[in-house]
file upload-v5.pdb (PDB, C-alpha atoms)
MODEL        1
ATOM      1  CA  MET S   1     -30.079 -69.961 -23.271
ATOM      2  CA  ARG S   2     -30.013 -66.771 -21.191
ATOM      3  CA  LEU S   3     -32.051 -63.633 -21.752
ATOM      4  CA  LEU S   4     -30.225 -60.579 -20.392
ATOM      5  CA  VAL S   5     -32.517 -57.923 -18.931
ATOM      6  CA  PRO S   6     -30.801 -54.556 -18.273
ATOM      7  CA  PHE S   7     -33.240 -53.592 -15.503
ATOM      8  CA  ILE S   8     -34.168 -54.719 -11.999
ATOM      9  CA  PRO S   9     -36.460 -57.649 -11.166
ATOM     10  CA  GLY S  10     -40.084 -56.554 -11.094
ATOM     11  CA  SER S  11     -39.623 -53.773 -13.649
ATOM     12  CA  ALA S  12     -41.848 -53.770 -16.742
ATOM     13  CA  PRO S  13     -39.047 -55.153 -18.994
ATOM     14  CA  ASP S  14     -38.310 -57.882 -16.460
ATOM     15  CA  VAL S  15     -41.967 -58.930 -16.177
ATOM     16  CA  PHE S  16     -42.285 -59.180 -19.943
ATOM     17  CA  ALA S  17     -38.973 -61.052 -20.244
ATOM     18  CA  ARG S  18     -40.174 -63.682 -17.782
ATOM     19  CA  GLN S  19     -43.489 -64.059 -19.582
ATOM     20  CA  LEU S  20     -41.672 -64.475 -22.890
ATOM     21  CA  SER S  21     -39.007 -66.861 -21.589
ATOM     22  CA  GLU S  22     -41.704 -69.094 -20.082
ATOM     23  CA  ARG S  23     -43.456 -69.207 -23.453
ATOM     24  CA  LEU S  24     -40.295 -69.747 -25.528
ATOM     25  CA  THR S  25     -38.669 -72.485 -23.424
ATOM     26  CA  PRO S  26     -40.772 -75.344 -24.873
ATOM     27  CA  ALA S  27     -40.777 -73.757 -28.342
ATOM     28  CA  ILE S  28     -36.974 -73.695 -28.678
ATOM     29  CA  GLY S  29     -36.462 -76.957 -26.824
ATOM     30  CA  GLN S  30     -34.191 -75.720 -24.053
ATOM     31  CA  PRO S  31     -34.520 -73.654 -20.865
ATOM     32  CA  MET S  32     -34.402 -69.871 -21.242
ATOM     33  CA  VAL S  33     -33.187 -68.195 -18.069
ATOM     34  CA  VAL S  34     -33.718 -64.496 -17.338
ATOM     35  CA  GLU S  35     -30.557 -62.816 -16.043
ATOM     36  CA  ASN S  36     -30.877 -59.258 -14.668
ATOM     37  CA  ARG S  37     -27.922 -56.954 -15.359
ATOM     38  CA  ALA S  38     -29.284 -53.653 -14.083
ATOM     39  CA  GLY S  39     -27.548 -50.306 -13.715
ATOM     40  CA  ALA S  40     -26.442 -47.151 -15.555
ATOM     41  CA  GLY S  41     -29.788 -46.714 -17.294
ATOM     42  CA  GLY S  42     -29.488 -50.099 -18.968
ATOM     43  CA  ASN S  43     -25.899 -49.659 -20.160
ATOM     44  CA  ILE S  44     -24.490 -52.431 -17.959
ATOM     45  CA  GLY S  45     -26.817 -54.993 -19.518
ATOM     46  CA  PHE S  46     -26.394 -53.641 -23.043
ATOM     47  CA  GLU S  47     -22.614 -53.770 -22.755
ATOM     48  CA  ALA S  48     -22.705 -57.277 -21.280
ATOM     49  CA  ALA S  49     -24.751 -58.498 -24.230
ATOM     50  CA  ALA S  50     -22.499 -56.768 -26.760
ATOM     51  CA  ARG S  51     -19.437 -58.461 -25.219
ATOM     52  CA  SER S  52     -21.039 -61.917 -25.034
ATOM     53  CA  ALA S  53     -19.905 -64.697 -27.328
ATOM     54  CA  PRO S  54     -22.161 -64.994 -30.406
ATOM     55  CA  ASP S  55     -22.664 -68.697 -29.779
ATOM     56  CA  GLY S  56     -26.450 -68.682 -29.827
ATOM     57  CA  TYR S  57     -26.840 -68.938 -26.056
ATOM     58  CA  THR S  58     -27.289 -65.239 -25.230
ATOM     59  CA  LEU S  59     -30.200 -62.944 -26.038
ATOM     60  CA  LEU S  60     -30.891 -59.378 -24.915
ATOM     61  CA  LEU S  61     -34.140 -57.667 -24.054
ATOM     62  CA  GLY S  62     -33.539 -54.253 -25.626
ATOM     63  CA  THR S  63     -35.651 -51.195 -24.855
ATOM     64  CA  ASN S  64     -35.746 -47.654 -26.197
ATOM     65  CA  SER S  65     -32.949 -46.889 -23.715
ATOM     66  CA  LEU S  66     -30.700 -48.686 -26.195
ATOM     67  CA  VAL S  67     -31.038 -45.771 -28.634
ATOM     68  CA  ILE S  68     -31.576 -43.041 -26.005
ATOM     69  CA  ASN S  69     -28.390 -43.613 -24.021
ATOM     70  CA  PRO S  70     -25.888 -42.863 -26.818
ATOM     71  CA  ALA S  71     -27.595 -39.476 -27.321
ATOM     72  CA  LEU S  72     -27.248 -38.651 -23.620
ATOM     73  CA  THR S  73     -23.461 -38.681 -23.517
ATOM     74  CA  SER S  74     -20.477 -37.422 -25.482
ATOM     75  CA  ARG S  75     -18.332 -40.339 -24.332
ATOM     76  CA  ARG S  76     -18.156 -43.585 -26.213
ATOM     77  CA  LEU S  77     -20.307 -46.340 -24.753
ATOM     78  CA  GLY S  78     -19.365 -50.000 -24.718
ATOM     79  CA  TYR S  79     -21.826 -50.830 -27.468
ATOM     80  CA  ASP S  80     -23.296 -49.521 -30.707
ATOM     81  CA  PRO S  81     -27.066 -50.148 -31.051
ATOM     82  CA  LEU S  82     -26.822 -51.028 -34.747
ATOM     83  CA  ARG S  83     -23.350 -52.513 -35.092
ATOM     84  CA  ASP S  84     -23.061 -54.746 -32.016
ATOM     85  CA  PHE S  85     -26.379 -56.601 -32.051
ATOM     86  CA  ALA S  86     -28.071 -59.045 -34.390
ATOM     87  CA  PRO S  87     -31.774 -58.177 -34.738
ATOM     88  CA  VAL S  88     -34.341 -60.801 -33.823
ATOM     89  CA  ASN S  89     -37.746 -59.181 -33.190
ATOM     90  CA  VAL S  90     -39.347 -55.936 -31.980
ATOM     91  CA  THR S  91     -42.132 -57.420 -29.896
ATOM     92  CA  PHE S  92     -44.256 -54.793 -28.146
ATOM     93  CA  GLY S  93     -44.720 -51.051 -27.835
ATOM     94  CA  LEU S  94     -45.879 -49.370 -24.630
ATOM     95  CA  PRO S  95     -47.176 -45.792 -24.833
ATOM     96  CA  HIS S  96     -46.695 -43.190 -22.157
ATOM     97  CA  LEU S  97     -49.678 -41.614 -20.427
ATOM     98  CA  LEU S  98     -50.091 -37.929 -19.607
ATOM     99  CA  ILE S  99     -51.548 -37.878 -16.106
ATOM    100  CA  VAL S 100     -52.544 -35.113 -13.679
ATOM    101  CA  PRO S 101     -53.976 -35.192 -10.139
ATOM    102  CA  ALA S 102     -57.564 -36.401  -9.820
ATOM    103  CA  ASN S 103     -58.748 -32.804  -9.376
ATOM    104  CA  GLY S 104     -56.453 -31.504 -12.121
ATOM    105  CA  PRO S 105     -57.310 -30.048 -15.554
ATOM    106  CA  PRO S 106     -59.991 -32.014 -17.430
ATOM    107  CA  ASP S 107     -58.122 -32.248 -20.731
ATOM    108  CA  THR S 108     -54.819 -31.464 -22.438
ATOM    109  CA  PRO S 109     -55.769 -27.971 -23.707
ATOM    110  CA  ALA S 110     -56.787 -27.023 -20.154
ATOM    111  CA  LEU S 111     -53.470 -28.324 -18.793
ATOM    112  CA  ILE S 112     -51.550 -26.332 -21.389
ATOM    113  CA  ALA S 113     -53.527 -23.208 -20.487
ATOM    114  CA  SER S 114     -52.805 -23.702 -16.795
ATOM    115  CA  LEU S 115     -49.086 -24.210 -17.422
ATOM    116  CA  ARG S 116     -48.995 -20.879 -19.239
ATOM    117  CA  GLN S 117     -50.336 -19.128 -16.147
ATOM    118  CA  GLY S 118     -47.350 -19.699 -13.868
ATOM    119  CA  ASP S 119     -44.737 -21.978 -12.367
ATOM    120  CA  ALA S 120     -45.421 -25.695 -12.282
ATOM    121  CA  ASN S 121     -43.397 -28.870 -12.049
ATOM    122  CA  TYR S 122     -43.558 -32.418 -13.346
ATOM    123  CA  ALA S 123     -42.215 -35.794 -12.242
ATOM    124  CA  SER S 124     -40.065 -38.239 -14.178
ATOM    125  CA  GLY S 125     -38.330 -41.525 -13.538
ATOM    126  CA  GLY S 126     -34.923 -39.876 -13.825
ATOM    127  CA  ASN S 127     -32.789 -37.791 -16.137
ATOM    128  CA  GLY S 128     -32.985 -39.138 -19.688
ATOM    129  CA  SER S 129     -35.789 -41.590 -18.938
ATOM    130  CA  GLY S 130     -38.669 -42.009 -21.368
ATOM    131  CA  ALA S 131     -40.971 -40.108 -19.017
ATOM    132  CA  HIS S 132     -38.498 -37.205 -18.840
ATOM    133  CA  LEU S 133     -38.065 -37.003 -22.610
ATOM    134  CA  ALA S 134     -41.813 -37.295 -23.274
ATOM    135  CA  ALA S 135     -42.467 -34.389 -20.898
ATOM    136  CA  GLU S 136     -39.765 -32.209 -22.438
ATOM    137  CA  LEU S 137     -41.053 -32.883 -25.945
ATOM    138  CA  PHE S 138     -44.553 -32.041 -24.728
ATOM    139  CA  LYS S 139     -43.318 -28.752 -23.243
ATOM    140  CA  ALA S 140     -41.538 -27.816 -26.467
ATOM    141  CA  ARG S 141     -44.463 -28.654 -28.720
ATOM    142  CA  ALA S 142     -46.994 -26.932 -26.433
ATOM    143  CA  GLY S 143     -44.808 -23.897 -25.785
ATOM    144  CA  VAL S 144     -45.055 -24.161 -21.997
ATOM    145  CA  GLY S 145     -42.651 -24.285 -19.084
ATOM    146  CA  ALA S 146     -42.433 -26.635 -16.110
ATOM    147  CA  THR S 147     -39.649 -27.657 -13.748
ATOM    148  CA  HIS S 148     -38.303 -31.182 -13.940
ATOM    149  CA  VAL S 149     -38.438 -33.166 -10.672
ATOM    150  CA  PRO S 150     -36.604 -36.493 -11.200
ATOM    151  CA  PHE S 151     -37.485 -39.519  -9.097
ATOM    152  CA  ARG S 152     -36.024 -43.040  -8.948
ATOM    153  CA  GLY S 153     -38.542 -44.752 -11.211
ATOM    154  CA  ALA S 154     -41.946 -44.793 -12.874
ATOM    155  CA  PRO S 155     -43.975 -45.734  -9.741
ATOM    156  CA  ASP S 156     -42.658 -42.580  -8.060
ATOM    157  CA  ILE S 157     -44.105 -40.482 -10.897
ATOM    158  CA  VAL S 158     -47.586 -41.789 -10.199
ATOM    159  CA  ASN S 159     -47.204 -41.370  -6.434
ATOM    160  CA  ALA S 160     -46.120 -37.747  -6.847
ATOM    161  CA  VAL S 161     -49.105 -37.010  -9.091
ATOM    162  CA  VAL S 162     -51.533 -38.758  -6.741
ATOM    163  CA  ALA S 163     -50.211 -36.650  -3.853
ATOM    164  CA  GLY S 164     -50.470 -33.433  -5.864
ATOM    165  CA  GLN S 165     -46.741 -32.787  -5.499
ATOM    166  CA  VAL S 166     -46.428 -32.181  -9.243
ATOM    167  CA  ALA S 167     -48.717 -30.887 -11.962
ATOM    168  CA  PHE S 168     -48.282 -33.796 -14.367
ATOM    169  CA  GLY S 169     -46.169 -36.757 -15.427
ATOM    170  CA  PHE S 170     -45.654 -39.189 -18.303
ATOM    171  CA  PRO S 171     -45.307 -42.728 -16.870
ATOM    172  CA  THR S 172     -45.749 -45.698 -19.157
ATOM    173  CA  LEU S 173     -49.376 -46.652 -19.433
ATOM    174  CA  SER S 174     -48.956 -49.921 -17.529
ATOM    175  CA  THR S 175     -47.702 -48.057 -14.451
ATOM    176  CA  ALA S 176     -50.767 -45.864 -14.086
ATOM    177  CA  THR S 177     -53.712 -47.725 -15.626
ATOM    178  CA  GLU S 178     -55.165 -49.165 -12.418
ATOM    179  CA  LEU S 179     -54.939 -45.816 -10.576
ATOM    180  CA  VAL S 180     -56.651 -44.110 -13.504
ATOM    181  CA  ARG S 181     -59.468 -46.667 -13.368
ATOM    182  CA  ALA S 182     -59.718 -46.155  -9.608
ATOM    183  CA  GLY S 183     -60.036 -42.384 -10.068
ATOM    184  CA  ARG S 184     -56.879 -41.570  -8.116
ATOM    185  CA  VAL S 185     -55.258 -39.800 -11.075
ATOM    186  CA  ARG S 186     -56.712 -38.377 -14.269
ATOM    187  CA  ALA S 187     -55.415 -39.487 -17.676
ATOM    188  CA  LEU S 188     -55.474 -36.765 -20.321
ATOM    189  CA  ALA S 189     -53.733 -38.381 -23.282
ATOM    190  CA  VAL S 190     -51.660 -41.295 -24.553
ATOM    191  CA  THR S 191     -48.499 -40.775 -26.594
ATOM    192  CA  SER S 192     -49.383 -43.374 -29.229
ATOM    193  CA  ALA S 193     -50.935 -42.372 -32.548
ATOM    194  CA  ALA S 194     -54.249 -44.053 -31.655
ATOM    195  CA  PRO S 195     -56.219 -44.671 -28.445
ATOM    196  CA  ASN S 196     -55.056 -47.629 -26.358
ATOM    197  CA  HIS S 197     -57.226 -50.672 -25.684
ATOM    198  CA  ALA S 198     -56.534 -50.510 -21.924
ATOM    199  CA  LEU S 199     -57.965 -46.969 -21.650
ATOM    200  CA  PRO S 200     -59.971 -46.541 -24.866
ATOM    201  CA  ASP S 201     -61.599 -43.254 -23.806
ATOM    202  CA  VAL S 202     -58.250 -41.465 -23.404
ATOM    203  CA  PRO S 203     -57.376 -39.582 -26.631
ATOM    204  CA  PRO S 204     -53.970 -39.515 -28.327
ATOM    205  CA  LEU S 205     -51.836 -36.490 -27.497
ATOM    206  CA  ALA S 206     -51.547 -36.027 -31.265
ATOM    207  CA  SER S 207     -55.173 -34.874 -31.293
ATOM    208  CA  THR S 208     -53.970 -31.739 -29.492
ATOM    209  CA  LEU S 209     -50.317 -31.550 -30.581
ATOM    210  CA  SER S 210     -50.072 -32.642 -34.215
ATOM    211  CA  SER S 211     -47.867 -35.667 -35.010
ATOM    212  CA  PHE S 212     -46.895 -36.245 -31.377
ATOM    213  CA  GLU S 213     -45.965 -39.907 -31.048
ATOM    214  CA  LEU S 214     -43.444 -41.354 -28.590
ATOM    215  CA  VAL S 215     -43.722 -45.005 -27.598
ATOM    216  CA  SER S 216     -41.422 -47.171 -25.484
ATOM    217  CA  TRP S 217     -40.749 -50.690 -26.780
ATOM    218  CA  PHE S 218     -39.210 -54.096 -26.102
ATOM    219  CA  ALA S 219     -37.007 -55.851 -28.663
ATOM    220  CA  ILE S 220     -35.139 -59.151 -28.652
ATOM    221  CA  LEU S 221     -31.566 -58.926 -29.934
ATOM    222  CA  ALA S 222     -28.483 -61.134 -29.916
ATOM    223  CA  PRO S 223     -24.749 -60.432 -29.986
ATOM    224  CA  ALA S 224     -23.553 -59.550 -33.493
ATOM    225  CA  GLY S 225     -22.383 -62.660 -35.304
ATOM    226  CA  THR S 226     -24.920 -65.003 -33.734
ATOM    227  CA  PRO S 227     -25.669 -67.779 -36.273
ATOM    228  CA  GLY S 228     -28.552 -67.039 -38.590
ATOM    229  CA  ALA S 229     -30.171 -70.374 -37.810
ATOM    230  CA  VAL S 230     -30.474 -69.369 -34.148
ATOM    231  CA  ILE S 231     -31.933 -65.972 -35.063
ATOM    232  CA  THR S 232     -34.513 -67.609 -37.326
ATOM    233  CA  ARG S 233     -35.449 -70.212 -34.724
ATOM    234  CA  VAL S 234     -35.979 -67.643 -31.956
ATOM    235  CA  ASP S 235     -37.819 -65.200 -34.245
ATOM    236  CA  THR S 236     -40.139 -67.993 -35.385
ATOM    237  CA  ALA S 237     -40.883 -68.931 -31.772
ATOM    238  CA  ILE S 238     -41.575 -65.286 -30.877
ATOM    239  CA  SER S 239     -43.833 -64.826 -33.911
ATOM    240  CA  GLU S 240     -45.803 -67.924 -32.955
ATOM    241  CA  ALA S 241     -46.160 -66.609 -29.388
ATOM    242  CA  LEU S 242     -47.380 -63.233 -30.624
ATOM    243  CA  ALA S 243     -49.948 -64.961 -32.816
ATOM    244  CA  ASP S 244     -51.307 -66.962 -29.886
ATOM    245  CA  GLU S 245     -54.443 -65.265 -28.560
ATOM    246  CA  GLY S 246     -53.906 -66.400 -24.986
ATOM    247  CA  PHE S 247     -50.333 -65.127 -24.839
ATOM    248  CA  ARG S 248     -51.268 -61.848 -26.536
ATOM    249  CA  ALA S 249     -54.082 -61.271 -24.055
ATOM    250  CA  ARG S 250     -51.771 -61.981 -21.139
ATOM    251  CA  VAL S 251     -48.990 -59.606 -22.143
ATOM    252  CA  THR S 252     -51.145 -56.803 -23.539
ATOM    253  CA  ALA S 253     -53.423 -56.517 -20.515
ATOM    254  CA  ASP S 254     -51.241 -53.666 -19.238
ATOM    255  CA  GLY S 255     -51.709 -51.591 -22.402
ATOM    256  CA  SER S 256     -48.865 -52.957 -24.505
ATOM    257  CA  ASN S 257     -49.402 -53.164 -28.264
ATOM    258  CA  VAL S 258     -48.041 -55.950 -30.449
ATOM    259  CA  ILE S 259     -45.456 -54.775 -33.000
ATOM    260  CA  GLY S 260     -43.916 -58.057 -34.160
ATOM    261  CA  LEU S 261     -41.171 -56.901 -36.530
ATOM    262  CA  GLY S 262     -38.859 -59.662 -37.749
ATOM    263  CA  PRO S 263     -35.061 -59.482 -38.253
ATOM    264  CA  ALA S 264     -35.139 -57.777 -41.659
ATOM    265  CA  ALA S 265     -37.244 -54.852 -40.390
ATOM    266  CA  VAL S 266     -35.515 -54.265 -37.042
ATOM    267  CA  PRO S 267     -32.493 -52.190 -38.219
ATOM    268  CA  ALA S 268     -34.695 -49.597 -39.945
ATOM    269  CA  PHE S 269     -36.898 -49.473 -36.848
ATOM    270  CA  LEU S 270     -33.890 -48.827 -34.595
ATOM    271  CA  ARG S 271     -32.575 -46.075 -36.882
ATOM    272  CA  ARG S 272     -35.958 -44.366 -36.917
ATOM    273  CA  GLU S 273     -36.320 -44.636 -33.136
ATOM    274  CA  ALA S 274     -32.813 -43.248 -32.646
ATOM    275  CA  GLU S 275     -33.901 -40.155 -34.580
ATOM    276  CA  VAL S 276     -37.201 -39.770 -32.688
ATOM    277  CA  TRP S 277     -35.737 -40.194 -29.215
ATOM    278  CA  GLY S 278     -32.581 -38.295 -30.187
ATOM    279  CA  GLU S 279     -34.744 -35.280 -31.002
ATOM    280  CA  ALA S 280     -36.353 -35.519 -27.579
ATOM    281  CA  VAL S 281     -32.908 -35.687 -25.940
ATOM    282  CA  ARG S 282     -31.753 -32.588 -27.820
ATOM    283  CA  ILE S 283     -34.886 -30.684 -26.845
ATOM    284  CA  SER S 284     -34.557 -31.716 -23.214
ATOM    285  CA  GLY S 285     -30.859 -30.876 -22.974
ATOM    286  CA  ALA S 286     -30.433 -34.018 -20.853
ATOM    287  CA  LYS S 287     -26.863 -35.215 -20.311
ATOM    288  CA  VAL S 288     -25.352 -37.922 -18.123
ATOM    289  CA  ASP S 289     -21.644 -37.074 -18.537
TER
ENDMDL
END

call {"tool": "encode", "arguments": {"input": "upload-v5.pdb", "output": "structure tokens"}}
result
Amino acid sequence: MRLLVPFIPGSAPDVFARQLSERLTPAIGQPMVVENRAGAGGNIGFEAAARSAPDGYTLLLGTNSLVINPALTSRRLGYDPLRDFAPVNVTFGLPHLLIVPANGPPDTPALIASLRQGDANYASGGNGSGAHLAAELFKARAGVGATHVPFRGAPDIVNAVVAGQVAFGFPTLSTATELVRAGRVRALAVTSAAPNHALPDVPPLASTLSSFELVSWFAILAPAGTPGAVITRVDTAISEALADEGFRARVTADGSNVIGLGPAAVPAFLRREAEVWGEAVRISGAKVD
């Protein structure tokens, strides 16, 4: 069985996919091999999975890019997030972290006040990335301006903030946690509804901007038409892994939160996330045409 990952080796989705495949191989009774199909913001991997035979030997690691990408373009993509995939499990959510330089504003209200005083910029992992959309939603809700400076990926966001090249950024929590603990950047807020166990003293952004919640996630999907028995078998194995304290501790050390939605609940989750991230795309004006 192969697990398609639409991002490069070493990326957060890839690391999780390898942890999961290692855990599931004995549970499903056959090897699960991670296959990276990176490029086009995840579209190459998503399209490859959608075109794969529904024979029970292909799975996809889906991320929020699955519902973001259709909102970024007016052209038809080679997949439909709801029509072309059989839901298996939404496994984990990973909040974004509002960070500023180590000598930056002490809290979110102070950052907002400083942004209202003059020109500033912020870093993202690229046009239409989760970090870009989180920042644009933050700007809209806070009523502030800042210039978007896109980089190649999430590590570049943190590096730019550490160097003081930008005023703030919204990397995923796992990318910045160790630098926050080391005092090299300052964390002002998380984009989840509650504080995160990895940085429990960092408040939710919703405590300053009401109802602000924007969380990246990892889901396991299969090509539409995959036999129900396969879906059930894989979902059961994932659910057992998520219930195992050792596995949970291993994969949540970076700040991930267990979601654990089974096949029946996944379609509603994807529809809701398409609305949430679609709003952020509209606010940002991001396009990839």

call {"tool": "resolve_selection", "arguments": {"input": "upload-v5.pdb", "expression": "the PyMOL selection byres ((chain S and resi 54-61) around 6)", "output": "ChimeraX atom specification"}}
result
/S:1-5,53,62,219-223,225-226,230

call {"tool": "write_last_selection", "arguments": {"input": "upload-v5.pdb", "atoms": "C-alpha atoms", "output": "PDB file, in the frame of the given file"}}
result
ATOM      1  CA  MET S   1     -30.079 -69.961 -23.271  1.00  0.00           C
ATOM      2  CA  ARG S   2     -30.013 -66.771 -21.191  1.00  0.00           C
ATOM      3  CA  LEU S   3     -32.051 -63.633 -21.752  1.00  0.00           C
ATOM      4  CA  LEU S   4     -30.225 -60.579 -20.392  1.00  0.00           C
ATOM      5  CA  VAL S   5     -32.517 -57.923 -18.931  1.00  0.00           C
ATOM      6  CA  ALA S  53     -19.905 -64.697 -27.328  1.00  0.00           C
ATOM      7  CA  GLY S  62     -33.539 -54.253 -25.626  1.00  0.00           C
ATOM      8  CA  ALA S 219     -37.007 -55.851 -28.663  1.00  0.00           C
ATOM      9  CA  ILE S 220     -35.139 -59.151 -28.652  1.00  0.00           C
ATOM     10  CA  LEU S 221     -31.566 -58.926 -29.934  1.00  0.00           C
ATOM     11  CA  ALA S 222     -28.483 -61.134 -29.916  1.00  0.00           C
ATOM     12  CA  PRO S 223     -24.749 -60.432 -29.986  1.00  0.00           C
ATOM     13  CA  GLY S 225     -22.383 -62.660 -35.304  1.00  0.00           C
ATOM     14  CA  THR S 226     -24.920 -65.003 -33.734  1.00  0.00           C
ATOM     15  CA  VAL S 230     -30.474 -69.369 -34.148  1.00  0.00           C
TER      16      VAL S 230
END

call {"tool": "residues_around", "arguments": {"input": "upload-v5.pdb", "residues": "segment 108-114 of chain S", "least_positions_apart": "6", "cutoff": "8 Å", "atoms": "only C-alpha atoms", "output": "PDB file with C-alpha atoms, in the coordinates of the input"}}
result
ATOM      1  CA  ALA S 142     -46.994 -26.932 -26.433  1.00  0.00           C
ATOM      2  CA  VAL S 144     -45.055 -24.161 -21.997  1.00  0.00           C
ATOM      3  CA  LEU S 188     -55.474 -36.765 -20.321  1.00  0.00           C
ATOM      4  CA  ALA S 189     -53.733 -38.381 -23.282  1.00  0.00           C
ATOM      5  CA  LEU S 205     -51.836 -36.490 -27.497  1.00  0.00           C
ATOM      6  CA  THR S 208     -53.970 -31.739 -29.492  1.00  0.00           C
TER       7      THR S 208
END

call {"tool": "atom_distance", "arguments": {"input": "upload-v5.pdb", "atom1": "atom CA of Ile157 of chain S", "atom2": "atom CA of Leu97 of chain S"}}
result
11.1 Å

call {"tool": "closest_residue", "arguments": {"input": "upload-v5.pdb", "among": "S:Ala146, S:Ala27, S:Leu82, S:Ala135", "to": "Arg272 of chain S", "atoms": "only C-alpha atoms"}}
result
S:Leu82

call {"tool": "closest_residue", "arguments": {"input": "upload-v5.pdb", "among": "S:Val88, S:Leu98, S:Ala154, S:Ala134", "to": "Gly169 of chain S", "atoms": "all atoms listed in the file"}}
result
S:Leu98

call {"tool": "atom_distance", "arguments": {"input": "upload-v5.pdb", "atom1": "atom CA of Val276 of chain S", "atom2": "atom CA of Ser192 of chain S"}}
result
13.2 Å

call {"tool": "closest_atom_pairs", "arguments": {"input": "upload-v5.pdb", "of": "segment 20-41 of chain S", "to": "segment 7-11 of chain S", "cutoff": "10 Å", "atoms": "only C-alpha atoms", "output": "tab-separated table"}}
result
residue	atom	partner	partner_atom	distance
S:Val34	CA	S:Pro9	CA	9.6
S:Glu35	CA	S:Pro9	CA	9.2
S:Asn36	CA	S:Phe7	CA	6.2
S:Arg37	CA	S:Phe7	CA	6.3
S:Ala38	CA	S:Phe7	CA	4.2
S:Gly39	CA	S:Phe7	CA	6.8
S:Ala40	CA	S:Phe7	CA	9.4
S:Gly41	CA	S:Phe7	CA	7.9

call {"tool": "closest_residue", "arguments": {"input": "upload-v5.pdb", "among": "S:Val90, S:Val215, S:Ala71, S:Leu115", "to": "Pro171 of chain S", "atoms": "all atoms listed in the file"}}
result
S:Val215

call {"tool": "residues_around", "arguments": {"input": "upload-v5.pdb", "residues": "Asp84 of chain S", "least_positions_apart": "3", "cutoff": "9 Å", "atoms": "all atoms listed in the file", "output": "list in words"}}
result
Ala49, Ala50, Arg51, Tyr79, Asp80, Pro81, Ala222, Pro223, Ala224 and Gly225 of chain S

call {"tool": "closest_residue", "arguments": {"input": "upload-v5.pdb", "among": "S:Pro13, S:Leu66, S:Pro87, S:Pro31", "to": "Pro267 of chain S", "atoms": "only C-alpha atoms"}}
result
S:Pro87

call {"tool": "residues_around", "arguments": {"input": "upload-v5.pdb", "residues": "segment 244-256 of chain S", "least_positions_apart": "6", "cutoff": "7 Å", "atoms": "all atoms listed in the file", "output": "list in words"}}
result
Phe92, Gly93, Leu94, Leu173, Ser174, Asn196, His197 and Ala198 of chain S

call {"tool": "closest_residue", "arguments": {"input": "upload-v5.pdb", "among": "S:Ile238, S:Val161, S:Met32, S:Ala264", "to": "Thr91 of chain S", "atoms": "only C-alpha atoms"}}
result
S:Ile238

call {"tool": "closest_residue", "arguments": {"input": "upload-v5.pdb", "among": "S:Leu214, S:Ile28, S:Ile283, S:Leu199", "to": "Arg181 of chain S", "atoms": "all atoms listed in the file"}}
result
S:Leu199

call {"tool": "resolve_selection", "arguments": {"input": "upload-v5.pdb", "expression": "the PyMOL selection byres ((chain S and resi 132) around 12)", "output": "ChimeraX atom specification"}}
result
/S:68,96,98,121-131,133-139,146-154,157,168-172,214,277,280-281,283-287

call {"tool": "write_last_selection", "arguments": {"input": "upload-v5.pdb", "atoms": "C-alpha atoms", "output": "mmCIF file, keeping the file's coordinate frame"}}
result
data_model
loop_
_atom_site.group_PDB
_atom_site.id
_atom_site.type_symbol
_atom_site.label_atom_id
_atom_site.label_comp_id
_atom_site.auth_asym_id
_atom_site.auth_seq_id
_atom_site.Cartn_x
_atom_site.Cartn_y
_atom_site.Cartn_z
ATOM 1 C CA ILE S 68 -31.576 -43.041 -26.005
ATOM 2 C CA HIS S 96 -46.695 -43.190 -22.157
ATOM 3 C CA LEU S 98 -50.091 -37.929 -19.607
ATOM 4 C CA ASN S 121 -43.397 -28.870 -12.049
ATOM 5 C CA TYR S 122 -43.558 -32.418 -13.346
ATOM 6 C CA ALA S 123 -42.215 -35.794 -12.242
ATOM 7 C CA SER S 124 -40.065 -38.239 -14.178
ATOM 8 C CA GLY S 125 -38.330 -41.525 -13.538
ATOM 9 C CA GLY S 126 -34.923 -39.876 -13.825
ATOM 10 C CA ASN S 127 -32.789 -37.791 -16.137
ATOM 11 C CA GLY S 128 -32.985 -39.138 -19.688
ATOM 12 C CA SER S 129 -35.789 -41.590 -18.938
ATOM 13 C CA GLY S 130 -38.669 -42.009 -21.368
ATOM 14 C CA ALA S 131 -40.971 -40.108 -19.017
ATOM 15 C CA LEU S 133 -38.065 -37.003 -22.610
ATOM 16 C CA ALA S 134 -41.813 -37.295 -23.274
ATOM 17 C CA ALA S 135 -42.467 -34.389 -20.898
ATOM 18 C CA GLU S 136 -39.765 -32.209 -22.438
ATOM 19 C CA LEU S 137 -41.053 -32.883 -25.945
ATOM 20 C CA PHE S 138 -44.553 -32.041 -24.728
ATOM 21 C CA LYS S 139 -43.318 -28.752 -23.243
ATOM 22 C CA ALA S 146 -42.433 -26.635 -16.110
ATOM 23 C CA THR S 147 -39.649 -27.657 -13.748
ATOM 24 C CA HIS S 148 -38.303 -31.182 -13.940
ATOM 25 C CA VAL S 149 -38.438 -33.166 -10.672
ATOM 26 C CA PRO S 150 -36.604 -36.493 -11.200
ATOM 27 C CA PHE S 151 -37.485 -39.519 -9.097
ATOM 28 C CA ARG S 152 -36.024 -43.040 -8.948
ATOM 29 C CA GLY S 153 -38.542 -44.752 -11.211
ATOM 30 C CA ALA S 154 -41.946 -44.793 -12.874
ATOM 31 C CA ILE S 157 -44.105 -40.482 -10.897
ATOM 32 C CA PHE S 168 -48.282 -33.796 -14.367
ATOM 33 C CA GLY S 169 -46.169 -36.757 -15.427
ATOM 34 C CA PHE S 170 -45.654 -39.189 -18.303
ATOM 35 C CA PRO S 171 -45.307 -42.728 -16.870
ATOM 36 C CA THR S 172 -45.749 -45.698 -19.157
ATOM 37 C CA LEU S 214 -43.444 -41.354 -28.590
ATOM 38 C CA TRP S 277 -35.737 -40.194 -29.215
ATOM 39 C CA ALA S 280 -36.353 -35.519 -27.579
ATOM 40 C CA VAL S 281 -32.908 -35.687 -25.940
ATOM 41 C CA ILE S 283 -34.886 -30.684 -26.845
ATOM 42 C CA SER S 284 -34.557 -31.716 -23.214
ATOM 43 C CA GLY S 285 -30.859 -30.876 -22.974
ATOM 44 C CA ALA S 286 -30.433 -34.018 -20.853
ATOM 45 C CA LYS S 287 -26.863 -35.215 -20.311
#
